[in-house]
Amino acid sequence: MTPAPDIHRGRSSEVPAGPPMLRQFFSGGSLRRNAAEFMLQNAREYGDLNHYRIFGRNIYQLNHPDLIADYFLKDAPKHHRNMVMQSAREVLGHGLLTSEEPLHMRQRRLAQPAFLRERIAAYAEVIGNKTLELTARWKPGTITDLHPEMLELALRIVGKCLFDLDAFDDVTAIASAVDSFMSFMPLSFLPFARQIQRSPIPAMRRLERGKAHLDQLIYRMIAERRADPTDRGDLLSMLLNATEPEGDGSEASGMTDQQLHDECVTVILAGHETTANALSFALHLIAHDPAVQERLHEESTRVLGNRNPVAADYPWLPFATQVFAETMRLYPPVWVTGRTCAVPYTIAGYQIPVGATLLAPQYAVHRDPRFFADPERFDPSRFKPEKKAGLPRYAYFPFAGGSRQCIAEGLAWMEGTLVLAVIARDWRLTPPTGSAPRPAIKPAISLRPSHGTPLLIERRIPSYRGSD
C-alpha cells in the first residue's frame with residue numbers, strides 16, 4: 001500500500017509548509033548552492049506538498065506519487081509549459097518539449113511512428129558501432145574524463161539515427177549549438193528573461209551563432225530529403241513521411257519545414273544531453289563499485305561475445321538495464337519537471353493560483369525512503385522485475401509522465417543499456433585516488449556531473465576488433 005501524502009500546514013492556512021526564502025536565498029542556503037539538493041531538503045523537512053516564493057512567483061513542489069499522478073494525468077489540462085520551456089521556444093521553436101495543446105498532441109501523433117519498437121531496433125547496430133569507434137581512440141592506462149566522451153558519443157548516435165549523418169564537421173556544429181543552448185538556459189529562471197534573450201551580451205551572441213549554424217544544417221537536410229524522399233531508415237525519413245487526416249475530412253497532411261525543424265532541434269538537444277549525462281554518472285558509479293562492474297562485464301561478455309550488439313541482445317542484458325535504471329534513480333538527467341498553472345484549481349485543499357509554478361522533482365522523489373530503502377545507496381537490484389513491480393507508478397519517473405512522457409524513452413533505454421554493455425565488456429574503469437563515491441552534481445536544464453567523470457581506463461580484451 002502506498003502511504004497517504006504527508007502534508008504539513010504552512011505559516012498560514014492558505015499555503016502548505018515550505019522553507020523561509022529569505023534565509024534560504026540570502027544566507028548561503030541550499031537553493032543558492034544547489035537547487036536539486038534544495039528540493040530534496042524541502043521534501044524531507046516540509047512534507048509532500050511545499051510552497052515557497054522565488055522572484056515573487058508562487059512555487060508548489062509535489063513530492064508524493066499520488067500528487068504527481070494527478071499532476072501528470074488528471075490535472076494536465078490545467079497546465080501550460082513551465083517558464084524554462086516557454087523561454088526555450090526562442091531556440092527549440094514549437095517542438096514536442098515546448099508546444100501547447102492542440103499542436104503538441106498532433107505533433108506527437110505524427111512523430112510517434114518514428115519511435116516504435118521495430119523502428120528503433122534498427123539503431124542497435126548504430127549504437128554499437130559508434131561506441132566502438134569512440135573507444136578505439138582511448139588510451140589504456142590513462143585517466144580520461146569520460147563525460148565529454150559520452151556527450152560526443154550520444155551526439156554521434158543521435159546524428160546518425162536522426163539524420164543518417166556521419167560528417168564530423170556537422171556533428172561539431174551541432175555540439176557548438178548545444179553548448180550555447182545549455183549555457184543560456186539558467187538565464188530563463190531570472191526576471192526579465194525575454195529581455196535578456198534579446199540583449200547583445202556574449203552569451204546571447206553565442207546562442208544566436210549556434211542557433212544559426214543548427215538552423216542552416218537542418219533546413220539544408222530537409223530540402224535535400226524533400227528533393228529525394230527515399231527512406232534512409234532514419235528518424236528524419238519517418239517524420240517527412242508522417243501524415244494525419246485533417247479534422248474537416250480533407251486530404252491528410254504532414255509536417256511543414258518549420259515543424260520538422262522544431263522536432264529535429266528538440267530531439268538533438270534533448271536526446272543527446274540527457275543520455276550522455278546518465279551514461280557519465282553510470283560509469284562513475286560502476287567504477288566505484290567493483291562487484292557491480294564485474295557482474296556487468298560478465299553479463300556483457302556472455303551475451304555479446306566478440307561482436308557488435310544487435311537489437312536481439314537487448315532483452316538478454318537485464319543487469320545492464322538495471323544499472324542504467326538505478327543510475328537514473330540517483331541522478332535523473334531530467335531532475336525536475338515543471339508546469340505553469342493555467343486555471344485556478346486545488347491540490348489537497350490548497351488553492352493554486354494562475355501563474356504559479358508546479359514542480360515535481362525526480363531528484364527528491366527518487367530518494368524517498370518510503371519507496372527506496374537506504375535511498376543514497378547504489379543498488380541495481382532494486383530494478384529486478386519483482387521489486388520494480390511493487391513501486392507506486394510515480395515513485396520513479398525519469399522520463400516524466402502522462403501525455404508529455406518522453407517520446408524517445410525506448411531509444412534511450414536501448415542506447416544506455418548497449419553502451420554500458422560494450423564499455424563494460426571491453427574496459428575496466430577505476431576511480432583516481434581521492435575520487436568521491438558520490439559525484440558532484442550541476443543541476444541546470446539537465447543534471448550534469450559538475451567535475452566531469454575522470455576515470456582510469458584499462459583494456460580488458462586488447463585483441464578485440466569489433467565486428468571483424
# chains A, B, ... in the order shown; residues from 1 in each chain; ligands from 1
$ select_by_dssp --residues "region 252-449 of chain A" --states "strand (DSSP E or B)" --output "JSON, numbers by chain"
{"A": [253, 337, 338, 339, 340, 341, 345, 346, 347, 350, 351, 352, 357, 358, 359, 360, 427, 428, 429, 430, 441, 442, 443, 447, 448, 449]}
$ residues_around --residues "region 11-16 of chain A" --least-positions-apart "2" --cutoff "10 Å" --atoms "only C-alpha atoms" --output "PyMOL selection string"
chain A and resi 7-9+18+20+46-52+60-61+348-352
$ write_last_selection --atoms "N, CA and C atoms" --output "PDB file, in the first residue's frame"
ATOM      1  N   ILE A   7       1.151  15.993   4.396  1.00  0.00           N
ATOM      2  CA  ILE A   7       1.105  17.408   4.052  1.00  0.00           C
ATOM      3  C   ILE A   7       1.048  18.239   5.329  1.00  0.00           C
ATOM      4  N   HIS A   8       2.005  19.150   5.473  1.00  0.00           N
ATOM      5  CA  HIS A   8       2.111  19.984   6.665  1.00  0.00           C
ATOM      6  C   HIS A   8       1.489  21.350   6.390  1.00  0.00           C
ATOM      7  N   ARG A   9       0.809  21.873   7.372  1.00  0.00           N
ATOM      8  CA  ARG A   9       0.236  23.213   7.234  1.00  0.00           C
ATOM      9  C   ARG A   9       1.351  24.250   7.267  1.00  0.00           C
ATOM     10  N   GLY A  18       6.666  25.191   3.845  1.00  0.00           N
ATOM     11  CA  GLY A  18       7.785  25.367   2.927  1.00  0.00           C
ATOM     12  C   GLY A  18       8.885  26.172   3.580  1.00  0.00           C
ATOM     13  N   PRO A  20      11.493  29.158   4.601  1.00  0.00           N
ATOM     14  CA  PRO A  20      11.517  30.623   4.604  1.00  0.00           C
ATOM     15  C   PRO A  20      12.574  31.116   3.617  1.00  0.00           C
ATOM     16  N   TYR A  46       9.578  19.401   4.989  1.00  0.00           N
ATOM     17  CA  TYR A  46       8.273  20.058   4.953  1.00  0.00           C
ATOM     18  C   TYR A  46       7.164  19.199   4.362  1.00  0.00           C
ATOM     19  N   GLY A  47       7.425  17.927   4.089  1.00  0.00           N
ATOM     20  CA  GLY A  47       6.356  17.042   3.665  1.00  0.00           C
ATOM     21  C   GLY A  47       6.178  16.947   2.157  1.00  0.00           C
ATOM     22  N   ASP A  48       5.016  16.451   1.767  1.00  0.00           N
ATOM     23  CA  ASP A  48       4.793  16.047   0.381  1.00  0.00           C
ATOM     24  C   ASP A  48       4.236  17.136  -0.522  1.00  0.00           C
ATOM     25  N   LEU A  49       3.878  18.293   0.034  1.00  0.00           N
ATOM     26  CA  LEU A  49       3.452  19.435  -0.770  1.00  0.00           C
ATOM     27  C   LEU A  49       4.035  20.687  -0.129  1.00  0.00           C
ATOM     28  N   ASN A  50       4.910  21.371  -0.840  1.00  0.00           N
ATOM     29  CA  ASN A  50       5.607  22.543  -0.299  1.00  0.00           C
ATOM     30  C   ASN A  50       5.200  23.794  -1.058  1.00  0.00           C
ATOM     31  N   HIS A  51       5.335  24.940  -0.379  1.00  0.00           N
ATOM     32  CA  HIS A  51       5.105  26.224  -1.029  1.00  0.00           C
ATOM     33  C   HIS A  51       6.240  27.172  -0.657  1.00  0.00           C
ATOM     34  N   TYR A  52       6.742  27.910  -1.649  1.00  0.00           N
ATOM     35  CA  TYR A  52       7.700  28.979  -1.399  1.00  0.00           C
ATOM     36  C   TYR A  52       7.614  29.954  -2.564  1.00  0.00           C
ATOM     37  N   TYR A  60       4.947  25.620  -6.067  1.00  0.00           N
ATOM     38  CA  TYR A  60       4.390  24.477  -5.342  1.00  0.00           C
ATOM     39  C   TYR A  60       5.178  23.241  -5.750  1.00  0.00           C
ATOM     40  N   GLN A  61       5.765  22.590  -4.757  1.00  0.00           N
ATOM     41  CA  GLN A  61       6.605  21.420  -5.014  1.00  0.00           C
ATOM     42  C   GLN A  61       5.867  20.163  -4.568  1.00  0.00           C
ATOM     43  N   ALA A 348      -4.944  19.018  -2.738  1.00  0.00           N
ATOM     44  CA  ALA A 348      -5.036  18.654  -1.309  1.00  0.00           C
ATOM     45  C   ALA A 348      -5.670  19.781  -0.493  1.00  0.00           C
ATOM     46  N   GLY A 349      -6.646  20.454  -1.064  1.00  0.00           N
ATOM     47  CA  GLY A 349      -7.361  21.503  -0.340  1.00  0.00           C
ATOM     48  C   GLY A 349      -6.757  22.887  -0.459  1.00  0.00           C
ATOM     49  N   TYR A 350      -5.609  23.024  -1.092  1.00  0.00           N
ATOM     50  CA  TYR A 350      -4.957  24.333  -1.244  1.00  0.00           C
ATOM     51  C   TYR A 350      -5.217  24.888  -2.643  1.00  0.00           C
ATOM     52  N   GLN A 351      -5.602  26.160  -2.707  1.00  0.00           N
ATOM     53  CA  GLN A 351      -5.886  26.805  -3.979  1.00  0.00           C
ATOM     54  C   GLN A 351      -4.588  27.165  -4.688  1.00  0.00           C
ATOM     55  N   ILE A 352      -4.468  26.733  -5.957  1.00  0.00           N
ATOM     56  CA  ILE A 352      -3.290  27.029  -6.767  1.00  0.00           C
ATOM     57  C   ILE A 352      -3.635  28.189  -7.695  1.00  0.00           C
TER      58      ILE A 352
END
$ closest_atom_pairs --of "region 342-435 of chain A" --to "region 138-155 of chain A" --cutoff "12 Å" --atoms "only C-alpha atoms" --output "Markdown table"
| residue | atom | partner | partner_atom | distance |
| --- | --- | --- | --- | --- |
| A:Leu411 | CA | A:Ala154 | CA | 11.5 |
| A:Ala412 | CA | A:Ala154 | CA | 10.0 |
| A:Glu415 | CA | A:Ala154 | CA | 8.6 |
| A:Gly416 | CA | A:Ala154 | CA | 9.5 |
| A:Val419 | CA | A:Leu153 | CA | 9.4 |
| A:Leu420 | CA | A:Met150 | CA | 10.8 |
| A:Ile423 | CA | A:Met150 | CA | 11.2 |
| A:Asp426 | CA | A:Pro140 | CA | 11.0 |
| A:Trp427 | CA | A:Pro140 | CA | 8.7 |
| A:Arg428 | CA | A:Pro140 | CA | 9.5 |
| A:Leu429 | CA | A:Ile143 | CA | 9.5 |
| A:Thr430 | CA | A:Ile143 | CA | 8.9 |
| A:Pro431 | CA | A:Ile143 | CA | 8.6 |
| A:Pro432 | CA | A:Ile143 | CA | 7.4 |
| A:Thr433 | CA | A:Ile143 | CA | 10.7 |
| A:Ser435 | CA | A:Ile143 | CA | 11.8 |
$ write_last_selection --atoms "C-alpha atoms" --output "tab-separated table (two decimals), in the first residue's frame"
chain	number	residue	atom	x	y	z
A	411	LEU	CA	15.53	4.53	-27.71
A	412	ALA	CA	17.12	5.96	-24.55
A	415	GLU	CA	21.12	3.17	-26.02
A	416	GLY	CA	22.01	3.33	-22.33
A	419	VAL	CA	26.63	1.45	-24.50
A	420	LEU	CA	27.17	0.29	-20.91
A	423	ILE	CA	32.19	-0.43	-22.45
A	426	ASP	CA	35.98	-4.12	-23.21
A	427	TRP	CA	37.24	-1.80	-20.45
A	428	ARG	CA	37.97	-1.78	-16.73
A	429	LEU	CA	37.23	1.55	-15.03
A	430	THR	CA	38.93	2.64	-11.81
A	431	PRO	CA	38.42	5.91	-9.91
A	432	PRO	CA	41.50	8.09	-9.41
A	433	THR	CA	42.89	8.39	-5.89
A	435	SER	CA	37.69	10.45	-6.09
$ select_by_dssp --residues "region 305-425 of chain A" --states "alpha helix (DSSP H)" --output "PyMOL selection string"
chain A and resi 318-330+362-365+385-388+409-425
$ closest_residue --among "A:Arg367, A:Arg109, A:Arg438, A:Arg295" --to "Ser381 (chain A)" --atoms "only C-alpha atoms"
A:Arg295
$ closest_residue --among "A:Asn306, A:Gln107, A:Thr131, A:Thr274" --to "Arg404 (chain A)" --atoms "only C-alpha atoms"
A:Gln107
